[in-house]
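Content type mmCIF, C-alpha atoms, from the file model_11.cif:
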```
data_target
#
loop_
_atom_site.group_PDB
_atom_site.id
_atom_site.type_symbol
_atom_site.label_atom_id
_atom_site.label_comp_id
_atom_site.auth_asym_id
_atom_site.auth_seq_id
_atom_site.Cartn_x
_atom_site.Cartn_y
_atom_site.Cartn_z
ATOM 1 C CA MET X 1 -141.171 -34.583 30.355
ATOM 2 C CA LEU X 2 -144.742 -34.074 29.289
ATOM 3 C CA ILE X 3 -145.197 -33.212 25.643
ATOM 4 C CA SER X 4 -148.705 -32.457 24.512
ATOM 5 C CA ASN X 5 -150.461 -30.550 21.799
ATOM 6 C CA LEU X 6 -153.247 -29.445 24.097
ATOM 7 C CA GLU X 7 -153.226 -26.011 25.634
ATOM 8 C CA VAL X 8 -154.735 -26.835 28.979
ATOM 9 C CA LEU X 9 -154.127 -29.637 31.423
ATOM 10 C CA PRO X 10 -157.153 -30.342 33.592
ATOM 11 C CA GLY X 11 -156.198 -30.587 37.223
ATOM 12 C CA GLN X 12 -152.675 -29.313 36.746
ATOM 13 C CA LYS X 13 -151.517 -25.812 37.356
ATOM 14 C CA ILE X 14 -148.982 -24.007 35.236
ATOM 15 C CA VAL X 15 -146.567 -22.216 37.527
ATOM 16 C CA ARG X 16 -144.427 -20.486 34.966
ATOM 17 C CA HIS X 17 -144.414 -19.833 31.235
ATOM 18 C CA LEU X 18 -140.941 -20.131 29.820
ATOM 19 C CA GLY X 19 -141.507 -19.199 26.198
ATOM 20 C CA LEU X 20 -141.086 -20.897 22.871
ATOM 21 C CA VAL X 21 -138.884 -23.936 22.409
ATOM 22 C CA GLN X 22 -138.121 -25.527 19.088
ATOM 23 C CA GLY X 23 -136.221 -28.300 17.411
ATOM 24 C CA SER X 24 -135.532 -29.089 13.801
ATOM 25 C CA SER X 25 -133.836 -31.731 11.737
ATOM 26 C CA VAL X 26 -132.972 -32.003 8.058
ATOM 27 C CA ARG X 27 -132.402 -35.439 6.632
ATOM 28 C CA SER X 28 -132.027 -37.194 3.368
ATOM 29 C CA LYS X 29 -131.731 -40.807 2.387
ATOM 30 C CA HIS X 30 -128.896 -42.460 0.477
ATOM 31 C CA VAL X 31 -129.113 -42.863 -3.273
ATOM 32 C CA GLY X 32 -130.142 -46.522 -3.114
ATOM 33 C CA ARG X 33 -133.339 -45.586 -1.342
ATOM 34 C CA ASP X 34 -134.004 -42.838 -3.829
ATOM 35 C CA ILE X 35 -133.657 -45.286 -6.696
ATOM 36 C CA MET X 36 -136.013 -47.709 -4.967
ATOM 37 C CA ALA X 37 -138.453 -44.861 -4.458
ATOM 38 C CA SER X 38 -138.423 -43.900 -8.101
ATOM 39 C CA LEU X 39 -139.116 -47.545 -8.998
ATOM 40 C CA LYS X 40 -142.012 -47.588 -6.561
ATOM 41 C CA ASN X 41 -143.287 -44.543 -8.355
ATOM 42 C CA ILE X 42 -144.149 -46.690 -11.353
ATOM 43 C CA PHE X 43 -146.164 -49.191 -9.364
ATOM 44 C CA GLY X 44 -147.504 -46.984 -6.613
ATOM 45 C CA GLY X 45 -147.715 -47.852 -2.958
ATOM 46 C CA GLU X 46 -146.051 -46.842 0.244
ATOM 47 C CA LEU X 47 -142.447 -45.625 0.281
ATOM 48 C CA GLN X 48 -141.402 -47.291 3.501
ATOM 49 C CA GLY X 49 -137.869 -45.920 3.370
ATOM 50 C CA TYR X 50 -139.160 -42.381 3.414
ATOM 51 C CA THR X 51 -141.758 -43.114 6.058
ATOM 52 C CA GLU X 52 -139.016 -44.336 8.380
ATOM 53 C CA LEU X 53 -136.732 -41.478 7.466
ATOM 54 C CA LEU X 54 -139.317 -38.868 8.351
ATOM 55 C CA GLN X 55 -140.266 -40.648 11.521
ATOM 56 C CA GLU X 56 -136.655 -40.783 12.723
ATOM 57 C CA SER X 57 -136.241 -37.188 11.746
ATOM 58 C CA ARG X 58 -139.302 -36.221 13.743
ATOM 59 C CA GLU X 59 -138.043 -38.064 16.789
ATOM 60 C CA GLU X 60 -134.727 -36.267 16.477
ATOM 61 C CA ALA X 61 -136.426 -32.866 16.235
ATOM 62 C CA THR X 62 -138.584 -33.680 19.249
ATOM 63 C CA ARG X 63 -135.507 -34.695 21.247
ATOM 64 C CA ARG X 64 -133.838 -31.410 20.400
ATOM 65 C CA MET X 65 -136.874 -29.466 21.493
ATOM 66 C CA GLN X 66 -137.039 -31.494 24.690
ATOM 67 C CA LYS X 67 -133.391 -30.776 25.418
ATOM 68 C CA GLN X 68 -133.919 -27.088 24.923
ATOM 69 C CA ALA X 69 -136.915 -27.162 27.255
ATOM 70 C CA GLN X 70 -134.925 -28.988 29.904
ATOM 71 C CA GLU X 71 -132.129 -26.452 29.699
ATOM 72 C CA ILE X 72 -134.438 -23.584 30.551
ATOM 73 C CA GLY X 73 -135.977 -25.516 33.426
ATOM 74 C CA ALA X 74 -139.310 -26.563 31.952
ATOM 75 C CA ASN X 75 -141.001 -29.837 32.821
ATOM 76 C CA ALA X 76 -143.604 -29.791 30.071
ATOM 77 C CA VAL X 77 -144.043 -28.534 26.535
ATOM 78 C CA LEU X 78 -147.577 -27.661 25.579
ATOM 79 C CA ASN X 79 -149.322 -26.830 22.336
ATOM 80 C CA VAL X 80 -146.744 -28.633 20.218
ATOM 81 C CA ARG X 81 -146.932 -28.277 16.428
ATOM 82 C CA TYR X 82 -145.065 -30.115 13.703
ATOM 83 C CA SER X 83 -144.291 -28.793 10.294
ATOM 84 C CA THR X 84 -142.585 -30.430 7.329
ATOM 85 C CA SER X 85 -141.126 -28.890 4.238
ATOM 86 C CA SER X 86 -139.184 -30.519 1.467
ATOM 87 C CA ILE X 87 -136.316 -28.107 0.985
ATOM 88 C CA ALA X 88 -134.444 -29.860 -1.821
ATOM 89 C CA ALA X 89 -134.787 -33.014 -3.867
ATOM 90 C CA GLY X 90 -134.545 -35.868 -1.396
ATOM 91 C CA ALA X 91 -134.190 -33.783 1.745
ATOM 92 C CA ALA X 92 -136.896 -32.753 4.144
ATOM 93 C CA GLU X 93 -136.877 -30.462 7.106
ATOM 94 C CA ILE X 94 -138.933 -31.340 10.128
ATOM 95 C CA PHE X 95 -139.630 -28.546 12.521
ATOM 96 C CA VAL X 96 -141.315 -28.838 15.885
ATOM 97 C CA TYR X 97 -142.184 -26.089 18.317
ATOM 98 C CA GLY X 98 -144.203 -25.549 21.420
ATOM 99 C CA SER X 99 -144.407 -23.477 24.563
ATOM 100 C CA ALA X 100 -142.310 -24.559 27.490
ATOM 101 C CA VAL X 101 -143.970 -24.367 30.878
ATOM 102 C CA GLU X 102 -143.323 -25.382 34.412
ATOM 103 C CA LEU X 103 -146.081 -27.429 35.962
ATOM 104 C CA GLU X 104 -146.823 -27.685 39.608
ATOM 105 C CA ASP X 105 -146.180 -31.134 41.112
ATOM 106 C CA HIS X 106 -144.838 -32.600 37.940
ATOM 107 C CA VAL X 107 -141.267 -33.752 37.626
ATOM 108 C CA MET J 1 -140.030 -47.165 -31.203
ATOM 109 C CA PHE J 2 -138.324 -48.348 -28.057
ATOM 110 C CA GLU J 3 -139.580 -45.279 -26.248
ATOM 111 C CA ILE J 4 -143.166 -45.964 -27.197
ATOM 112 C CA ILE J 5 -142.906 -49.582 -26.040
ATOM 113 C CA SER J 6 -141.363 -48.661 -22.724
ATOM 114 C CA PHE J 7 -143.998 -45.985 -22.207
ATOM 115 C CA VAL J 8 -146.812 -48.446 -22.855
ATOM 116 C CA VAL J 9 -145.216 -51.034 -20.566
ATOM 117 C CA LEU J 10 -144.787 -48.490 -17.776
ATOM 118 C CA LEU J 11 -148.338 -47.300 -18.204
ATOM 119 C CA GLY J 12 -149.628 -50.888 -18.103
ATOM 120 C CA CYS J 13 -147.549 -51.741 -15.031
ATOM 121 C CA GLY J 14 -148.737 -48.607 -13.292
ATOM 122 C CA TYR J 15 -152.345 -49.347 -14.116
ATOM 123 C CA LEU J 16 -152.301 -53.014 -13.105
ATOM 124 C CA PHE J 17 -150.103 -52.909 -10.014
ATOM 125 C CA GLY J 18 -151.236 -49.479 -8.906
ATOM 126 C CA ARG J 19 -154.875 -50.481 -9.030
ATOM 127 C CA ARG J 20 -154.294 -53.724 -7.223
ATOM 128 C CA ALA J 21 -152.210 -52.053 -4.530
ATOM 129 C CA GLU J 22 -154.811 -49.355 -4.058
ATOM 130 C CA LYS J 23 -157.681 -51.785 -3.714
ATOM 131 C CA LYS J 24 -155.743 -53.901 -1.253
ATOM 132 C CA HIS J 25 -154.776 -50.880 0.772
ATOM 133 C CA ILE J 26 -158.315 -49.504 0.959
ATOM 134 C CA ASN J 27 -159.721 -52.875 2.061
ATOM 135 C CA ASP J 28 -156.978 -53.146 4.660
ATOM 136 C CA ILE J 29 -157.757 -49.645 5.952
ATOM 137 C CA ILE J 30 -161.482 -50.397 6.242
ATOM 138 C CA GLU J 31 -160.739 -53.579 8.194
ATOM 139 C CA ARG J 32 -158.363 -51.875 10.595
ATOM 140 C CA GLU J 33 -160.640 -48.895 11.098
ATOM 141 C CA LYS J 34 -163.295 -51.264 12.443
ATOM 142 C CA THR J 35 -160.975 -52.537 15.147
ATOM 143 C CA PHE J 36 -160.296 -48.996 16.344
ATOM 144 C CA ASN J 37 -163.913 -47.852 16.534
ATOM 145 C CA SER J 38 -163.705 -47.700 20.318
ATOM 146 C CA LEU J 39 -160.868 -45.162 20.235
ATOM 147 C CA PRO J 40 -162.396 -41.908 19.032
ATOM 148 C CA VAL J 41 -160.306 -39.115 17.620
ATOM 149 C CA ILE J 42 -161.587 -35.674 18.514
ATOM 150 C CA ALA J 43 -160.581 -32.416 16.912
ATOM 151 C CA SER J 44 -161.342 -30.323 19.980
ATOM 152 C CA ARG J 45 -158.647 -28.421 21.822
ATOM 153 C CA TYR J 46 -160.122 -28.793 25.277
ATOM 154 C CA PRO J 47 -159.967 -32.146 27.041
ATOM 155 C CA PRO J 48 -162.764 -33.300 29.372
ATOM 156 C CA GLU J 49 -162.379 -31.917 32.861
ATOM 157 C CA ASN J 50 -164.299 -34.526 34.817
ATOM 158 C CA GLN J 51 -161.609 -37.151 34.887
ATOM 159 C CA TYR J 52 -157.861 -37.116 35.275
ATOM 160 C CA TYR J 53 -156.004 -38.237 32.198
ATOM 161 C CA GLN J 54 -152.361 -38.701 31.571
ATOM 162 C CA GLN J 55 -151.307 -37.078 28.345
ATOM 163 C CA GLN J 56 -148.965 -38.323 25.696
ATOM 164 C CA LEU J 57 -148.283 -37.026 22.232
ATOM 165 C CA VAL J 58 -148.900 -39.695 19.601
ATOM 166 C CA ALA J 59 -148.206 -39.514 15.893
ATOM 167 C CA GLY J 60 -148.464 -41.587 12.768
ATOM 168 C CA ASN J 61 -146.988 -40.913 9.379
ATOM 169 C CA VAL J 62 -146.954 -42.451 5.951
ATOM 170 C CA VAL J 63 -145.423 -41.647 2.591
ATOM 171 C CA VAL J 64 -147.541 -42.820 -0.324
ATOM 172 C CA ALA J 65 -146.445 -42.672 -3.910
ATOM 173 C CA SER J 66 -148.460 -42.153 -7.022
ATOM 174 C CA ASP J 67 -148.070 -44.704 -9.828
ATOM 175 C CA TYR J 68 -147.120 -44.094 -13.436
ATOM 176 C CA PHE J 69 -150.668 -44.381 -14.707
ATOM 177 C CA LYS J 70 -152.023 -41.933 -12.142
ATOM 178 C CA SER J 71 -149.281 -39.430 -12.841
ATOM 179 C CA PHE J 72 -149.910 -39.664 -16.567
ATOM 180 C CA THR J 73 -153.698 -39.274 -16.373
ATOM 181 C CA ALA J 74 -153.269 -36.433 -13.891
ATOM 182 C CA GLY J 75 -151.020 -34.739 -16.426
ATOM 183 C CA LEU J 76 -153.726 -35.115 -19.068
ATOM 184 C CA ILE J 77 -156.433 -33.745 -16.785
ATOM 185 C CA ASN J 78 -154.175 -30.826 -16.027
ATOM 186 C CA ILE J 79 -154.439 -29.682 -19.617
ATOM 187 C CA PHE J 80 -158.213 -29.407 -19.542
ATOM 188 C CA GLY J 81 -158.663 -28.625 -15.875
ATOM 189 C CA GLY J 82 -161.216 -30.141 -13.519
ATOM 190 C CA ALA J 83 -161.137 -32.586 -10.645
ATOM 191 C CA VAL J 84 -157.927 -34.623 -10.617
ATOM 192 C CA ALA J 85 -159.718 -37.817 -9.688
ATOM 193 C CA PRO J 86 -156.691 -40.170 -9.733
ATOM 194 C CA PHE J 87 -155.036 -38.303 -6.869
ATOM 195 C CA GLU J 88 -158.075 -38.066 -4.628
ATOM 196 C CA PRO J 89 -158.028 -41.685 -3.386
ATOM 197 C CA LEU J 90 -154.267 -41.414 -2.937
ATOM 198 C CA LEU J 91 -154.576 -38.550 -0.484
ATOM 199 C CA ASP J 92 -157.529 -40.189 1.222
ATOM 200 C CA ARG J 93 -155.530 -43.396 1.725
ATOM 201 C CA GLY J 94 -152.567 -41.473 3.069
ATOM 202 C CA ARG J 95 -154.643 -39.620 5.610
ATOM 203 C CA ARG J 96 -156.573 -42.620 6.832
ATOM 204 C CA GLU J 97 -153.407 -44.682 7.097
ATOM 205 C CA ALA J 98 -151.657 -41.968 9.108
ATOM 206 C CA VAL J 99 -154.609 -41.673 11.488
ATOM 207 C CA LEU J 100 -154.656 -45.459 11.886
ATOM 208 C CA ARG J 101 -150.970 -45.555 12.765
ATOM 209 C CA MET J 102 -151.508 -42.846 15.319
ATOM 210 C CA LYS J 103 -154.399 -44.851 16.784
ATOM 211 C CA GLU J 104 -152.232 -47.973 16.911
ATOM 212 C CA GLU J 105 -149.655 -46.107 18.954
ATOM 213 C CA ALA J 106 -152.338 -44.702 21.249
ATOM 214 C CA SER J 107 -154.001 -48.066 21.806
ATOM 215 C CA LYS J 108 -150.651 -49.540 22.875
ATOM 216 C CA LEU J 109 -150.674 -46.920 25.630
ATOM 217 C CA ASN J 110 -154.241 -47.915 26.584
ATOM 218 C CA ALA J 111 -155.565 -44.507 25.682
ATOM 219 C CA ASP J 112 -159.283 -43.712 25.804
ATOM 220 C CA LEU J 113 -159.348 -40.752 23.492
ATOM 221 C CA ILE J 114 -157.158 -38.778 21.165
ATOM 222 C CA PHE J 115 -157.613 -35.037 21.345
ATOM 223 C CA ASN J 116 -156.658 -32.107 19.174
ATOM 224 C CA ILE J 117 -155.750 -34.076 16.095
ATOM 225 C CA LYS J 118 -153.779 -32.236 13.446
ATOM 226 C CA LEU J 119 -153.193 -33.493 9.943
ATOM 227 C CA GLU J 120 -150.408 -32.302 7.779
ATOM 228 C CA THR J 121 -149.668 -33.102 4.149
ATOM 229 C CA THR J 122 -146.393 -32.397 2.413
ATOM 230 C CA ARG J 123 -145.254 -33.163 -1.075
ATOM 231 C CA ILE J 124 -142.016 -35.135 -1.034
ATOM 232 C CA ALA J 125 -140.129 -34.566 -4.248
ATOM 233 C CA THR J 126 -137.137 -36.553 -5.418
ATOM 234 C CA GLY J 127 -136.492 -35.948 -9.069
ATOM 235 C CA ARG J 128 -139.624 -37.162 -10.841
ATOM 236 C CA THR J 129 -141.003 -38.896 -7.788
ATOM 237 C CA GLY J 130 -144.489 -37.809 -6.917
ATOM 238 C CA ALA J 131 -145.159 -38.761 -3.331
ATOM 239 C CA ILE J 132 -146.891 -37.224 -0.386
ATOM 240 C CA GLU J 133 -146.247 -37.531 3.286
ATOM 241 C CA VAL J 134 -149.140 -37.349 5.686
ATOM 242 C CA LEU J 135 -148.549 -36.810 9.359
ATOM 243 C CA ALA J 136 -151.298 -37.170 11.930
ATOM 244 C CA TYR J 137 -150.648 -36.215 15.514
ATOM 245 C CA GLY J 138 -152.657 -35.601 18.604
ATOM 246 C CA THR J 139 -152.702 -36.007 22.332
ATOM 247 C CA ALA J 140 -153.640 -39.424 23.680
ATOM 248 C CA LEU J 141 -155.562 -39.281 26.933
ATOM 249 C CA ILE J 142 -154.780 -42.223 29.153
ATOM 250 C CA PRO J 143 -157.143 -42.710 32.099
ATOM 251 C CA GLY J 144 -155.526 -42.951 35.487
ATOM 252 C CA SER J 145 -155.258 -41.392 38.874
ATOM 253 C CA LYS J 146 -153.182 -38.328 39.453
ATOM 254 C CA PRO J 147 -149.608 -39.507 39.975
ATOM 255 C CA ALA J 148 -147.537 -38.580 42.949
ATOM 256 C CA PRO J 149 -144.602 -36.368 41.992
ATOM 257 C CA SER J 150 -141.834 -38.683 40.904
ATOM 258 C CA THR J 151 -139.208 -39.072 38.218
ATOM 259 C CA ALA J 152 -140.620 -42.404 37.102
ATOM 260 C CA GLU J 153 -141.812 -41.141 33.778
ATOM 261 C CA ALA J 154 -139.024 -41.536 31.274
ATOM 262 C CA PRO J 155 -138.768 -38.891 28.582
ATOM 263 C CA ARG J 156 -140.004 -40.295 25.347
ATOM 264 C CA ALA J 157 -139.782 -38.771 21.958
ATOM 265 C CA MET J 158 -142.983 -38.672 19.930
#
```
Before we go any further, please render this structure as structure tokens.
Amino acid sequence: MLISNLEVLPGQKIVRHLGLVQGSSVRSKHVGRDIMASLKNIFGGELQGYTELLQESREEATRRMQKQAQEIGANAVLNVRYSTSSIAAGAAEIFVYGSAVELEDHV
Amino acid sequence: MFEIISFVVLLGCGYLFGRRAEKKHINDIIEREKTFNSLPVIASRYPPENQYYQQQLVAGNVVVASDYFKSFTAGLINIFGGAVAPFEPLLDRGRREAVLRMKEEASKLNADLIFNIKLETTRIATGRTGAIEVLAYGTALIPGSKPAPSTAEAPRAM
């Protein structure tokens, strides 16, 4: 499935618009990571644990969106947007949405 | 007494290690940016029409933390107002690092260009942790001929 954050695809025709599809995922890390993170906060630098966490979470949200798009018969999701919000201490919600379309000659 | 000592030690650690880490990171970013000069990132929404490109969403993210010294000085500046200089390089580093990671992913796919880049910054809060996450994402344009309809392309997240 084609996932893109562009609105137009040169040379490819959109046959059908199927509406909005979305996926979200809320994750938090175990306490050990949180303790490590608060230590890192003294010295500064990258919090690798959180970077990975958010990346996994984003992949999960994208998969969910993809699944939803497949269910309604789309073969591409265009104009995809991500949004992140930290909803509680140590937990973040990743939200992804886009418009599902059916492209001509694209499986 | 103990509190004062621990505060001074934390402040010193933050200053020394934080500074060193920041310098190292900035130098590293500058080096890596040079290697990706041939892969431009464009903030336009409309891709070029004269060539067929395959499209693939690429993203890069990073969580960078402030150090104790930065947080403390930022707190002081907050009283008087004005530019919070200690946090500016932090955000700059985060953004450039995220863009670089996105470029790394795109260059693995042999992309020519990255279009419609979006940058997003979120504050990640865990207790007293001051950290920000930066996400950069865009569409990598991979040159190629128009594929025949097939199911060869495996679905790939991100």
9 Å contacts from chain X to chain J using only C-alpha atoms, as a PyMOL selection string = chain X and resi 1-11+34+37-52+54-55+58-63+66+80-86+88-92+105-107
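For the pair atom CA of J:Ile26 and atom CA of X:Leu53, the interatomic distance is 23.9 Å.
Residues selected in this file by the PyMOL selection byres ((chain J and resi 74) around 8) comprise Lys70, Ser71, Phe72, Thr73, Gly75, Leu76, Ile77, Asn78, Val84, Ala85, Pro86 and Phe87 of chain J.
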Take stretch 58-70 of chain X from the preceding structure and save N, CA, C and O atoms as a compact mmCIF listing (two decimals), in the first residue's frame.
```txt
# COMPACT_ATOMS: atom_id res chain seq x y z
N ARG X 58 4.70 4.83 16.58
CA ARG X 58 4.32 5.42 15.30
C ARG X 58 4.09 4.33 14.25
O ARG X 58 3.16 4.42 13.44
N GLU X 59 4.96 3.34 14.29
CA GLU X 59 4.78 2.22 13.35
C GLU X 59 3.47 1.50 13.60
O GLU X 59 2.76 1.14 12.66
N GLU X 60 3.17 1.32 14.88
CA GLU X 60 1.92 0.66 15.26
C GLU X 60 0.71 1.46 14.76
O GLU X 60 -0.22 0.90 14.15
N ALA X 61 0.74 2.77 14.99
CA ALA X 61 -0.37 3.62 14.55
C ALA X 61 -0.52 3.57 13.03
O ALA X 61 -1.64 3.48 12.51
N THR X 62 0.61 3.57 12.33
CA THR X 62 0.57 3.52 10.87
C THR X 62 -0.03 2.20 10.40
O THR X 62 -0.81 2.16 9.46
N ARG X 63 0.36 1.11 11.08
CA ARG X 63 -0.20 -0.21 10.72
C ARG X 63 -1.71 -0.22 10.89
O ARG X 63 -2.43 -0.76 10.05
N ARG X 64 -2.17 0.38 11.98
CA ARG X 64 -3.61 0.41 12.24
C ARG X 64 -4.35 1.20 11.16
O ARG X 64 -5.41 0.82 10.71
N MET X 65 -3.74 2.31 10.77
CA MET X 65 -4.35 3.12 9.72
C MET X 65 -4.39 2.34 8.41
O MET X 65 -5.39 2.34 7.70
N GLN X 66 -3.28 1.64 8.14
CA GLN X 66 -3.18 0.85 6.92
C GLN X 66 -4.25 -0.23 6.87
O GLN X 66 -4.88 -0.46 5.85
N LYS X 67 -4.46 -0.87 8.02
CA LYS X 67 -5.45 -1.93 8.12
C LYS X 67 -6.84 -1.39 7.83
O LYS X 67 -7.61 -1.99 7.08
N GLN X 68 -7.10 -0.24 8.43
CA GLN X 68 -8.40 0.38 8.21
C GLN X 68 -8.60 0.72 6.74
O GLN X 68 -9.69 0.52 6.19
N ALA X 69 -7.55 1.21 6.11
CA ALA X 69 -7.64 1.57 4.69
C ALA X 69 -7.89 0.34 3.84
O ALA X 69 -8.68 0.36 2.89
N GLN X 70 -7.21 -0.76 4.20
CA GLN X 70 -7.39 -2.00 3.45
C GLN X 70 -8.82 -2.50 3.55
O GLN X 70 -9.40 -2.97 2.59
```
